[in-house]
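Reviewing the structure listed below.
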Protein chains: 4
Amino acid sequence: MIVILKPDMGESNPEYRHILDYLANKPNIKTRVHQEIGTLQTLTEIYLIGDTASLDKTEIESLAGVDRVVRVSEEYRILGRHRDEKRQTGFEYNGVKFTQDNLIVFAGLCAVDTPQHVEMMLKALRDYGQVCTRMGAYKPRTNPYSFQGHGKKCLPWVFDLAGKYGIKVIAMEITHDSHLDEIHAALEQAGKPTGVMIQIGTRNTQNFELLKIVGRQREFPALLKRGFGITLEESLNAAEYLASEGNRNIVFGLRGMKTNMGDPHRNFVDFSHVPVIKRLTRMPVCIDPSHSVGTRDAAPDGILDIFHVTAQGVIAGADMVLVDFHPEPATALVDGPQALRLEELPYFLEDVAIAREAYEKRCALSKKAIGKD
Amino acid sequence: MIVILKPDMGESNPEYRHILDYLANKPNIKTRVHQEIGTLQTLTEIYLIGDTASLDKTEIESLAGVDRVVRVSEEYRILGRHRDEKRQTGFEYNGVKFTQDNLIVFAGLCAVDTPQHVEMMLKALRDYGQVCTRMGAYKPRTNPYSFQGHGKKCLPWVFDLAGKYGIKVIAMEITHDSHLDEIHAALEQAGKPTGVMIQIGTRNTQNFELLKIVGRQREFPALLKRGFGITLEESLNAAEYLASEGNRNIVFGLRGMKTNMGDPHRNFVDFSHVPVIKRLTRMPVCIDPSHSVGTRDAAPDGILDIFHVTAQGVIAGADMVLVDFHPEPATALVDGPQALRLEELPYFLEDVAIAREAYEKRCALSKKAIGKD
Amino acid sequence: MIVILKPDMGESNPEYRHILDYLANKPNIKTRVHQEIGTLQTLTEIYLIGDTASLDKTEIESLAGVDRVVRVSEEYRILGRHRDEKRQTGFEYNGVKFTQDNLIVFAGLCAVDTPQHVEMMLKALRDYGQVCTRMGAYKPRTNPYSFQGHGKKCLPWVFDLAGKYGIKVIAMEITHDSHLDEIHAALEQAGKPTGVMIQIGTRNTQNFELLKIVGRQREFPALLKRGFGITLEESLNAAEYLASEGNRNIVFGLRGMKTNMGDPHRNFVDFSHVPVIKRLTRMPVCIDPSHSVGTRDAAPDGILDIFHVTAQGVIAGADMVLVDFHPEPATALVDGPQALRLEELPYFLEDVAIAREAYEKRCALSKKAIGKD
Amino acid sequence: MIVILKPDMGESNPEYRHILDYLANKPNIKTRVHQEIGTLQTLTEIYLIGDTASLDKTEIESLAGVDRVVRVSEEYRILGRHRDEKRQTGFEYNGVKFTQDNLIVFAGLCAVDTPQHVEMMLKALRDYGQVCTRMGAYKPRTNPYSFQGHGKKCLPWVFDLAGKYGIKVIAMEITHDSHLDEIHAALEQAGKPTGVMIQIGTRNTQNFELLKIVGRQREFPALLKRGFGITLEESLNAAEYLASEGNRNIVFGLRGMKTNMGDPHRNFVDFSHVPVIKRLTRMPVCIDPSHSVGTRDAAPDGILDIFHVTAQGVIAGADMVLVDFHPEPATALVDGPQALRLEELPYFLEDVAIAREAYEKRCALSKKAIGKD
């Protein structure tokens, strides 16, 4: 059960104290307070755990300072929708909005290699009006003898270049909590020229210790990729790990599932789950067409499968696209064969725009049609 | 290896005879002639099986009457593209065109129940300009004690009503070759008021004897659904069974795969394979959003998941949509919960049109972009 | 609900008539009578379908002629155990017993090729005391251009040779109901020198029309292979199709599941389900190690994986083993690479015997241990 | 390529220096030396990475001090067998031998709860001659709001009790590298009354950073569980991560795969892979029947499925069994329903012994049979 207080109702208010006293007197009920400090107001939510079935929702709602009370199902206590459509989805970070109602593209390098390539990529993004990118410094690899990323060494010049080209958010995967410290330190050192969205990859979706540590900090938002061999429910529970530690600025990422039923694609594309995640939770949904498809094969209509599945995600309401580009795919250290070429960037963005426009038309049609019913 | 003859080059031509004689003299080579008799011209293809590696492609192409020669890979001899983009895709049946370049909707009843419901459905289709439908008479059911469809008893009045409302093609599943005879007889009896596309369901994708029998007749085209537990390659090989017996008028249908990775959808939606099938074969591709999704759940944008996945299939180039409607879902004998309501038909068609329009814009953009490169 | 009558209680008994009258008076209840005519006695069971919740079990059990009443769960009405441990499992056919309490090996050729090979195989079986074999005449193949079996042509000499070497039961796959007629005719023609167990392969597990036709005859028992891409529950429901038409002489076969999680084996070996099937149904359980494993790879202990998984099935109580042998694997037309060699037959049988002996010891230990509790 | 030196050939030997000089002169070749310091002798292996195709195996083998040279395939450089049957498998730890040739049972508590329960468990183990156990202090849970284990608090009394009852090795899962330090510290503090095998669970199989850290220490051996949603090859590559950092004392654990094809078991039991892992690598293989099966259901023969699948693993050569027991399953904090009861311990051990005896008979038979061929 969640008790949502009226805006700006905080510790200094007598109503706040009275509400907590009231709850403290209830047997077998523990409380946990969460505050979301926004630029305009502070939202306070009190989570009740334990024998909540015995509580009287109406009585609590009648207390001064209480906005409303939401009964939550067992699953996804914090991130779930719980059939309450009024609660906020998403968040703002470094001037960029991540919600269930808009769309942001993160084109970039799967793995950082040379300053020249990074700069070519960032310049192209700036030229086409983009303010987000992906840049992999820490790469988890199936084989221990493969290249594992440049790690913290590349952070200073990557952040500098990002600042130079006006990049606001870099999605960057980490595989150990020490990487979080390294990113924090390098950003401070560089004077915070850009922002970082901490990405947790599919192999670490159930690395609960890493989730807890990322969840405990509130500096960086997180992009959690779905586990490629577990159910959707289990992956959403993993997202709840982040939220349960305090950090609710989470984007949930689809990247294809591991089964040979998806052949000849590298993974079984799961973007049909875009509307499902938006129904079950309040997280914005990201799609990763590059790792899902894993090839540059094209249909007879001349369109690459990577473009096709991107359009599929976007026309169903995806809020973020993570996509691999490379100035010279042949020399890329990781996943070169699936990378789009830099000169394809404007074409890709235009293709995404067609799908997004179609999604918006569909939403308008839906409103009209449901209104008619 | 396929030797494609010039149009209207048939048995009566001396060149034809000469070509066959030439091939008959080659050691370890068997030939098989396939003729496609169209309204305007006859196309003849000679399939060569055996030690074709020893044949000289250029020499054969130099023979009078030969248009060109295509080396085929082992797989999908007849249906495959074999990197020859000029060969025809699809077919025309009862005045309706099924190709990789257009889109036809088959809205209708999963299972025929009463004449009233069938007539309500068909009338609505006519009112919204539709000439195709789905109507299930023979229903394979997991549990032997469930309703198995009205069978041949309902065919006479279903066909009569179809004729009355201008329906050109009914997609109808069969589960035994005797059903083919029953449909043929009932159509003759009724005076052929409509056409039938024989549908082979996912549980019979590898029922090779049924495929051979359907492949041997050329009266009806076939819609082969992908097997829900086998690889795409195996399902495409099953389609080749139909073609290898002579019938090439085949549409390939996607309907979701059986794995709990797709939960909470009934099946794991596989429409990302639309462009793949068009690349590998010359078959038009159908999507079945109703059985893939299996529920009427909607996203917070108000749009049903069934609509979302349909849009996903269409924006990637799907050529046919098979979708369940019912005038009274609560009384439907089979799969009522997933059926769309009759009053949702115009909304559904309009939603599909938005996605199709987006697909066509994407094709135009692709031509422009690739031209630029 | 099943009303089980006392032995030899049949239509000529007044009690029988009275019981049926009693049931006919119950509203919304349909009855279906099944008789199992054995060599010593006739067992009659009356299946009640409809609103059975309203019936009084004790009242029915008090009727003269009724032995007992079993409430059945929705699933597996006929084949299920329904927690009634006293009902019979299995059957006898042509002098061979198939129950949940013994073990029969069916070694033989995956596909019949030459009379010489068939005779070599059968002679070896006779020499090592075997009376059952497998012999494939009709072969479903993924690729339409592969060898599809010799079909009915080979039946006369296969049956003759079987008779010559004392074979009592041949497991033989059919893929169309016409094959059933062909086998029946060839057996009659040959003077019934042997018996046949009709095998339904994994691609036809949900070919319900074929199941119904095989279920309607009672001449031949059936071996139903589990579907390699569906749940166990769905495959057991398919077995119930056979039983619901009257034929209860069914063996259920495990042959591995289709998923790359089983690599490097050809299929994911599922013999851990042996005890599960015995708990859920009254069918004897067969294992097929050859198709599950699909290679002749051996462990460092020198034992082939095919032997290892056979031992795994047997030590958990498997009742039948279907295994591919070939006198000359290199020339086998189908699945040669996985075939065991004829000279390995005695070694294989001895290895199976070790595992079976261990199973029997485990059963004895279980009785002692549970007795102690 | 691996250059295996003669025993006790180390840095102080001139041959050793000469061999390294020889290799240093080869272009594009890097070397890495691994030493296994045993109680009786020291084994030195030099791993060559780079352009090894250009090296002359015979020439290197002719160098003084070289025992032999093994060409390794790309995969599993250190752990792989590479068709060299003479290399050692397994290791000894705290007086217990872990090899591909023996069998050790680790019965114990899935999650440590109270000192009373731990002591009851350990006493029973001692009474039945066991010197190993499993005790979970750190529990990764799907739901963030579930009990996560007592953590480091319980280590002191768990280790003390283990020492009191003569336990030599406790298998204990860790989910973060800090747990490794905590275990080390607690063991030191307690005076090393027992040993610990570090267990890495299925959710962390591809937590490469954790693997590297565990691989860098040599104090504790590791039990790596297979990832439940990835291929076997990927899980074996994960084991190679441990080895590539220096620690080769690794046991590989099977625990069932995550797919509904395994229903009604909690996971799809994969013990058919026991011989496969022994063929591909030199690691001893552990099976975990409790988490694979996940229930206490029994077959009609009275034997629990957990016992059945254990016997299946053991008869195919499993080297270690990890199994959940609990003195009071009803009060267990984690996975109570699947736990065996303490009074079932002797019965379980006897059942395992029957299967092991059968395995040994099968090995003897194999030697005889292959000798005959």
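Chain identifiers are assigned as A, B, and so on, following the order in which chains appear in the structure tokens; residues are numbered from 1 within each chain, and ligands are numbered from 1 in order of appearance.
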Could you produce a table of the residues of chain A lying within 10 Å of chain C, with the nearest pair of atoms per residue and their separation in Å rounded to one decimal, using only C-alpha atoms, ordered by chain and increasing residue number, as a tab-separated table?
```
residue	atom	partner	partner_atom	distance
A:Lys258	CA	C:Asn260	CA	9.5
A:Thr259	CA	C:Asn260	CA	7.0
A:Asn260	CA	C:Asn260	CA	6.2
A:Met261	CA	C:Thr259	CA	8.1
```
For those residues, write all heavy atoms to a file as a PDB file, in the first residue's frame.
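Written file, selection_14.pdb:
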```pdb
ATOM      1  N   LYS A 258      17.112 -14.996 -26.172  1.00  0.00           N
ATOM      2  CA  LYS A 258      18.060 -16.016 -26.594  1.00  0.00           C
ATOM      3  C   LYS A 258      17.341 -17.332 -26.874  1.00  0.00           C
ATOM      4  O   LYS A 258      17.099 -18.098 -25.957  1.00  0.00           O
ATOM      5  CB  LYS A 258      19.070 -16.205 -25.477  1.00  0.00           C
ATOM      6  CG  LYS A 258      20.270 -16.949 -25.888  1.00  0.00           C
ATOM      7  CD  LYS A 258      21.398 -16.772 -24.932  1.00  0.00           C
ATOM      8  CE  LYS A 258      22.676 -17.095 -25.672  1.00  0.00           C
ATOM      9  NZ  LYS A 258      22.960 -16.129 -26.723  1.00  0.00           N
ATOM     10  N   THR A 259      16.974 -17.582 -28.098  1.00  0.00           N
ATOM     11  CA  THR A 259      16.402 -18.870 -28.493  1.00  0.00           C
ATOM     12  C   THR A 259      16.549 -19.001 -29.990  1.00  0.00           C
ATOM     13  O   THR A 259      16.412 -18.017 -30.712  1.00  0.00           O
ATOM     14  CB  THR A 259      14.911 -19.015 -28.100  1.00  0.00           C
ATOM     15  OG1 THR A 259      14.271 -19.884 -29.059  1.00  0.00           O
ATOM     16  CG2 THR A 259      14.179 -17.696 -28.092  1.00  0.00           C
ATOM     17  N   ASN A 260      16.827 -20.233 -30.450  1.00  0.00           N
ATOM     18  CA  ASN A 260      17.018 -20.398 -31.888  1.00  0.00           C
ATOM     19  C   ASN A 260      15.716 -20.242 -32.672  1.00  0.00           C
ATOM     20  O   ASN A 260      15.726 -20.264 -33.898  1.00  0.00           O
ATOM     21  CB  ASN A 260      17.710 -21.725 -32.208  1.00  0.00           C
ATOM     22  CG  ASN A 260      16.961 -22.922 -31.667  1.00  0.00           C
ATOM     23  OD1 ASN A 260      15.996 -22.783 -30.906  1.00  0.00           O
ATOM     24  ND2 ASN A 260      17.399 -24.105 -32.036  1.00  0.00           N
ATOM     25  N   MET A 261      14.592 -20.069 -31.993  1.00  0.00           N
ATOM     26  CA  MET A 261      13.360 -19.747 -32.710  1.00  0.00           C
ATOM     27  C   MET A 261      13.465 -18.395 -33.420  1.00  0.00           C
ATOM     28  O   MET A 261      12.653 -18.084 -34.273  1.00  0.00           O
ATOM     29  CB  MET A 261      12.182 -19.701 -31.743  1.00  0.00           C
ATOM     30  CG  MET A 261      11.780 -21.075 -31.232  1.00  0.00           C
ATOM     31  SD  MET A 261      10.301 -20.927 -30.202  1.00  0.00           S
ATOM     32  CE  MET A 261      10.074 -22.658 -29.752  1.00  0.00           C
TER      33      MET A 261
END
```
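Omitting range 198-210 of chain B and its sequence neighbours fewer than 6 positions away, and counting only C-alpha atoms, the residues within 7 Å are Ala171, Met172, Glu173, Ile174, His176, Asp177, Phe220, Pro221, Ala222, Leu223, Leu224, Lys225, Arg226, Gly227, Phe228, Ser235 and Ala238 of chain B; Pro140, Thr175, His176, Arg203, Asn204, Gln206 and Asn207 of chain C.
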So that I have them on file, write out the residues from the current selection with N, CA, C and O atoms, as a short mmCIF file (atom, residue, chain, number, x, y, z; two decimals), in the first residue's frame.
```cif
data_model
loop_
_atom_site.label_atom_id
_atom_site.label_comp_id
_atom_site.auth_asym_id
_atom_site.auth_seq_id
_atom_site.Cartn_x
_atom_site.Cartn_y
_atom_site.Cartn_z
N ALA B 171 -10.51 -17.66 -46.04
CA ALA B 171 -9.43 -18.51 -45.51
C ALA B 171 -10.09 -19.51 -44.57
O ALA B 171 -10.82 -19.13 -43.65
N MET B 172 -9.85 -20.80 -44.82
CA MET B 172 -10.53 -21.84 -44.05
C MET B 172 -9.54 -22.96 -43.76
O MET B 172 -8.97 -23.56 -44.68
N GLU B 173 -9.35 -23.26 -42.47
CA GLU B 173 -8.40 -24.28 -42.08
C GLU B 173 -8.94 -25.68 -42.35
O GLU B 173 -10.14 -25.94 -42.13
N ILE B 174 -8.09 -26.57 -42.83
CA ILE B 174 -8.46 -27.98 -42.91
C ILE B 174 -7.46 -28.78 -42.10
O ILE B 174 -6.31 -28.35 -41.90
N HIS B 176 -7.57 -32.41 -42.43
CA HIS B 176 -7.49 -33.74 -43.07
C HIS B 176 -7.79 -33.55 -44.54
O HIS B 176 -8.53 -32.64 -44.92
N ASP B 177 -7.23 -34.42 -45.38
CA ASP B 177 -7.43 -34.23 -46.81
C ASP B 177 -8.88 -34.41 -47.23
O ASP B 177 -9.31 -33.87 -48.25
N PHE B 220 -7.18 -24.54 -55.28
CA PHE B 220 -7.15 -23.59 -54.17
C PHE B 220 -5.72 -23.16 -53.83
O PHE B 220 -4.83 -24.00 -53.78
N PRO B 221 -5.53 -21.89 -53.53
CA PRO B 221 -4.24 -21.49 -52.96
C PRO B 221 -4.19 -21.94 -51.51
O PRO B 221 -5.21 -22.35 -50.94
N ALA B 222 -3.01 -21.89 -50.92
CA ALA B 222 -2.86 -22.36 -49.53
C ALA B 222 -2.19 -21.30 -48.67
O ALA B 222 -1.33 -20.54 -49.13
N LEU B 223 -2.64 -21.24 -47.43
CA LEU B 223 -1.99 -20.41 -46.41
C LEU B 223 -1.37 -21.37 -45.41
O LEU B 223 -2.10 -22.09 -44.71
N LEU B 224 -0.05 -21.42 -45.36
CA LEU B 224 0.62 -22.32 -44.42
C LEU B 224 1.10 -21.54 -43.22
O LEU B 224 1.92 -20.63 -43.34
N LYS B 225 0.61 -21.91 -42.04
CA LYS B 225 1.05 -21.26 -40.82
C LYS B 225 2.39 -21.86 -40.38
O LYS B 225 2.60 -23.07 -40.50
N ARG B 226 3.22 -21.01 -39.83
CA ARG B 226 4.51 -21.45 -39.30
C ARG B 226 4.29 -22.39 -38.10
O ARG B 226 3.39 -22.18 -37.29
N GLY B 227 5.12 -23.41 -37.99
CA GLY B 227 5.05 -24.29 -36.83
C GLY B 227 5.49 -23.55 -35.58
O GLY B 227 6.53 -22.90 -35.59
N PHE B 228 4.72 -23.64 -34.50
CA PHE B 228 5.01 -22.80 -33.33
C PHE B 228 6.14 -23.31 -32.44
O PHE B 228 6.47 -22.68 -31.45
N SER B 235 9.99 -24.60 -41.06
CA SER B 235 8.66 -24.23 -41.54
C SER B 235 8.71 -23.86 -43.03
O SER B 235 7.78 -24.15 -43.78
N ALA B 238 8.67 -26.85 -45.01
CA ALA B 238 7.32 -27.41 -45.09
C ALA B 238 6.55 -26.75 -46.24
O ALA B 238 5.81 -27.42 -46.98
N PRO C 140 8.77 -39.44 -42.33
CA PRO C 140 8.55 -38.01 -42.54
C PRO C 140 9.90 -37.30 -42.52
O PRO C 140 10.69 -37.51 -41.62
N THR C 175 2.23 -41.90 -41.20
CA THR C 175 2.07 -40.45 -41.30
C THR C 175 0.74 -40.09 -41.97
O THR C 175 0.43 -38.91 -42.15
N HIS C 176 -0.03 -41.12 -42.32
CA HIS C 176 -1.35 -40.87 -42.92
C HIS C 176 -2.22 -42.08 -42.62
O HIS C 176 -1.71 -43.18 -42.47
N ARG C 203 6.20 -34.97 -35.23
CA ARG C 203 5.63 -33.93 -36.10
C ARG C 203 4.12 -34.09 -36.24
O ARG C 203 3.43 -33.21 -36.73
N ASN C 204 3.60 -35.24 -35.85
CA ASN C 204 2.17 -35.50 -35.95
C ASN C 204 1.49 -35.64 -34.59
O ASN C 204 0.34 -36.07 -34.51
N GLN C 206 0.15 -33.54 -32.79
CA GLN C 206 -1.12 -32.82 -32.76
C GLN C 206 -1.85 -32.88 -34.10
O GLN C 206 -2.65 -32.00 -34.43
N ASN C 207 -1.59 -33.94 -34.87
CA ASN C 207 -2.37 -34.22 -36.08
C ASN C 207 -3.60 -34.99 -35.60
O ASN C 207 -3.68 -36.22 -35.64
#
```
Identify, on the basis of only C-alpha atoms, every residue whose closest approach to Arg83 in chain D does not exceed 9 Å; exclude the query and any residue fewer than 6 positions from it along the same chain; express the result as a CSV table (one decimal) with all heavy atoms, in the first residue's frame.
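Generated file (result-v3.csv):
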```csv
chain,number,residue,atom,x,y,z
D,70,VAL,N,50.5,-29.5,-26.6
D,70,VAL,CA,49.1,-29.7,-27.0
D,70,VAL,C,48.6,-28.5,-27.8
D,70,VAL,O,48.7,-27.4,-27.3
D,70,VAL,CB,48.3,-29.9,-25.7
D,70,VAL,CG1,46.8,-30.1,-26.1
D,70,VAL,CG2,48.8,-31.0,-24.8
D,72,VAL,N,45.7,-26.4,-28.8
D,72,VAL,CA,44.3,-26.2,-28.2
D,72,VAL,C,43.4,-25.6,-29.2
D,72,VAL,O,43.9,-24.8,-30.1
D,72,VAL,CB,44.4,-25.3,-26.9
D,72,VAL,CG1,45.3,-26.0,-25.9
D,72,VAL,CG2,44.8,-23.9,-27.3
D,279,ARG,N,33.4,-34.8,-21.5
D,279,ARG,CA,34.1,-34.9,-22.8
D,279,ARG,C,34.8,-33.6,-23.2
D,279,ARG,O,35.9,-33.6,-23.7
D,279,ARG,CB,33.1,-35.4,-23.8
D,279,ARG,CG,33.6,-35.3,-25.3
D,279,ARG,CD,32.7,-36.1,-26.2
D,279,ARG,NE,31.4,-35.5,-26.4
D,279,ARG,CZ,30.3,-36.1,-26.0
D,279,ARG,NH1,30.3,-37.3,-25.4
D,279,ARG,NH2,29.1,-35.5,-26.1
D,280,LEU,N,34.1,-32.5,-23.0
D,280,LEU,CA,34.6,-31.2,-23.5
D,280,LEU,C,35.6,-30.6,-22.6
D,280,LEU,O,36.5,-29.9,-23.0
D,280,LEU,CB,33.4,-30.2,-23.7
D,280,LEU,CG,32.4,-30.6,-24.8
D,280,LEU,CD1,31.3,-29.6,-24.8
D,280,LEU,CD2,33.1,-30.7,-26.1
```
(message) I want to know what sits within 9 Å of Arg81 in chain D, based on only C-alpha atoms, with residues of the same chain fewer than 2 positions away left out; could you give that as number ranges by chain?
(response) D: 72, 76-79, 83-85, 87, 278-282
Filtering to all heavy atoms, could you give me those residues as a tab-separated table (two decimals), in the first residue's frame?
```
chain	number	residue	atom	x	y	z
D	72	VAL	N	45.65	-26.40	-28.78
D	72	VAL	CA	44.32	-26.22	-28.21
D	72	VAL	C	43.41	-25.57	-29.25
D	72	VAL	O	43.85	-24.81	-30.09
D	72	VAL	CB	44.35	-25.34	-26.94
D	72	VAL	CG1	45.28	-25.95	-25.91
D	72	VAL	CG2	44.80	-23.94	-27.27
D	76	TYR	N	37.79	-22.88	-24.55
D	76	TYR	CA	38.18	-23.52	-23.32
D	76	TYR	C	39.67	-23.85	-23.32
D	76	TYR	O	40.08	-24.98	-23.05
D	76	TYR	CB	37.37	-24.82	-23.08
D	76	TYR	CG	35.98	-24.81	-23.63
D	76	TYR	CD1	35.46	-25.92	-24.30
D	76	TYR	CD2	35.14	-23.70	-23.48
D	76	TYR	CE1	34.17	-25.92	-24.81
D	76	TYR	CE2	33.85	-23.69	-23.99
D	76	TYR	CZ	33.38	-24.80	-24.66
D	76	TYR	OH	32.12	-24.80	-25.18
D	77	ARG	N	40.48	-22.85	-23.61
D	77	ARG	CA	41.92	-23.08	-23.70
D	77	ARG	C	42.48	-23.86	-22.52
D	77	ARG	O	43.22	-24.82	-22.69
D	77	ARG	CB	42.64	-21.72	-23.73
D	77	ARG	CG	42.82	-21.20	-25.12
D	77	ARG	CD	43.63	-19.91	-25.09
D	77	ARG	NE	43.15	-19.05	-26.16
D	77	ARG	CZ	43.42	-17.77	-26.25
D	77	ARG	NH1	44.16	-17.19	-25.32
D	77	ARG	NH2	42.94	-17.07	-27.25
D	78	ILE	N	42.10	-23.42	-21.32
D	78	ILE	CA	42.71	-24.05	-20.14
D	78	ILE	C	41.90	-25.26	-19.68
D	78	ILE	O	42.44	-26.31	-19.40
D	78	ILE	CB	42.80	-23.02	-18.98
D	78	ILE	CG1	43.76	-21.91	-19.40
D	78	ILE	CG2	43.25	-23.69	-17.69
D	78	ILE	CD1	43.74	-20.72	-18.48
D	79	LEU	N	40.60	-25.11	-19.64
D	79	LEU	CA	39.77	-26.18	-19.08
D	79	LEU	C	39.47	-27.29	-20.08
D	79	LEU	O	39.09	-28.38	-19.69
D	79	LEU	CB	38.46	-25.59	-18.55
D	79	LEU	CG	38.61	-24.62	-17.39
D	79	LEU	CD1	37.26	-23.98	-17.07
D	79	LEU	CD2	39.14	-25.34	-16.16
D	83	ARG	N	41.38	-33.19	-26.74
D	83	ARG	CA	41.71	-34.56	-27.15
D	83	ARG	C	43.00	-35.09	-26.53
D	83	ARG	O	43.63	-36.00	-27.05
D	83	ARG	CB	41.80	-34.64	-28.69
D	83	ARG	CG	40.50	-34.26	-29.35
D	83	ARG	CD	40.59	-34.13	-30.85
D	83	ARG	NE	39.45	-33.36	-31.34
D	83	ARG	CZ	38.22	-33.84	-31.43
D	83	ARG	NH1	37.97	-35.09	-31.11
D	83	ARG	NH2	37.23	-33.08	-31.86
D	84	ASP	N	43.41	-34.47	-25.43
D	84	ASP	CA	44.60	-34.98	-24.76
D	84	ASP	C	44.13	-35.64	-23.47
D	84	ASP	O	43.80	-34.97	-22.50
D	84	ASP	CB	45.57	-33.84	-24.45
D	84	ASP	CG	46.84	-34.35	-23.76
D	84	ASP	OD1	46.81	-34.49	-22.52
D	84	ASP	OD2	47.83	-34.62	-24.46
D	85	GLU	N	44.06	-36.96	-23.47
D	85	GLU	CA	43.42	-37.66	-22.37
D	85	GLU	C	44.31	-37.79	-21.14
D	85	GLU	O	43.87	-38.21	-20.08
D	85	GLU	CB	42.96	-39.05	-22.83
D	85	GLU	CG	41.93	-39.02	-23.95
D	85	GLU	CD	40.65	-38.29	-23.58
D	85	GLU	OE1	40.21	-38.41	-22.42
D	85	GLU	OE2	40.11	-37.56	-24.43
D	87	ARG	N	45.93	-35.41	-19.46
D	87	ARG	CA	46.00	-34.31	-18.49
D	87	ARG	C	45.08	-34.57	-17.31
D	87	ARG	O	44.04	-35.20	-17.42
D	87	ARG	CB	45.66	-33.00	-19.17
D	87	ARG	CG	46.73	-32.66	-20.21
D	87	ARG	CD	46.36	-31.41	-20.96
D	87	ARG	NE	46.56	-30.25	-20.12
D	87	ARG	CZ	45.95	-29.10	-20.33
D	87	ARG	NH1	45.09	-28.97	-21.33
D	87	ARG	NH2	46.16	-28.09	-19.54
D	278	LYS	N	32.10	-33.73	-19.32
D	278	LYS	CA	33.32	-34.50	-19.07
D	278	LYS	C	34.10	-34.73	-20.36
D	278	LYS	O	35.33	-34.87	-20.32
D	278	LYS	CB	32.97	-35.83	-18.40
D	278	LYS	CG	32.41	-35.61	-16.98
D	278	LYS	CD	31.88	-36.88	-16.36
D	278	LYS	CE	32.93	-37.62	-15.60
D	278	LYS	NZ	32.32	-38.66	-14.70
D	279	ARG	N	33.40	-34.76	-21.49
D	279	ARG	CA	34.09	-34.93	-22.77
D	279	ARG	C	34.75	-33.62	-23.20
D	279	ARG	O	35.85	-33.61	-23.72
D	279	ARG	CB	33.09	-35.37	-23.85
D	279	ARG	CG	33.64	-35.35	-25.26
D	279	ARG	CD	32.75	-36.10	-26.24
D	279	ARG	NE	31.42	-35.55	-26.38
D	279	ARG	CZ	30.30	-36.11	-25.95
D	279	ARG	NH1	30.32	-37.29	-25.38
D	279	ARG	NH2	29.14	-35.52	-26.14
D	280	LEU	N	34.07	-32.50	-22.98
D	280	LEU	CA	34.57	-31.22	-23.48
D	280	LEU	C	35.62	-30.59	-22.56
D	280	LEU	O	36.48	-29.86	-23.02
D	280	LEU	CB	33.42	-30.23	-23.68
D	280	LEU	CG	32.39	-30.61	-24.76
D	280	LEU	CD1	31.27	-29.57	-24.80
D	280	LEU	CD2	33.06	-30.69	-26.13
D	281	THR	N	35.50	-30.86	-21.26
D	281	THR	CA	36.41	-30.19	-20.32
D	281	THR	C	36.96	-31.17	-19.29
D	281	THR	O	36.50	-32.31	-19.20
D	281	THR	CB	35.71	-29.05	-19.53
D	281	THR	OG1	34.89	-29.63	-18.51
D	281	THR	CG2	34.84	-28.21	-20.44
D	282	ARG	N	37.88	-30.67	-18.47
D	282	ARG	CA	38.48	-31.50	-17.43
D	282	ARG	C	37.85	-31.24	-16.06
D	282	ARG	O	38.37	-31.66	-15.04
D	282	ARG	CB	39.99	-31.24	-17.38
D	282	ARG	CG	40.67	-31.61	-18.71
D	282	ARG	CD	42.15	-31.31	-18.68
D	282	ARG	NE	42.41	-29.89	-18.63
D	282	ARG	CZ	43.34	-29.31	-17.89
D	282	ARG	NH1	44.13	-30.05	-17.12
D	282	ARG	NH2	43.52	-28.01	-17.92
```
(request) Extract, using only C-alpha atoms, all DNA, RNA and protein residues at most 10 Å from Arg356 in chain C, discarding same-chain residues fewer than 5 positions from it, and format them as a list in words. (result) Asn102, Leu103, Ala311, Gln312, Gly313, Val314, Ile315, Ala316, Gly317, Ala318, Asp319, Glu350, Asp351, Lys361 and Arg362 of chain C; Ala358 of chain D
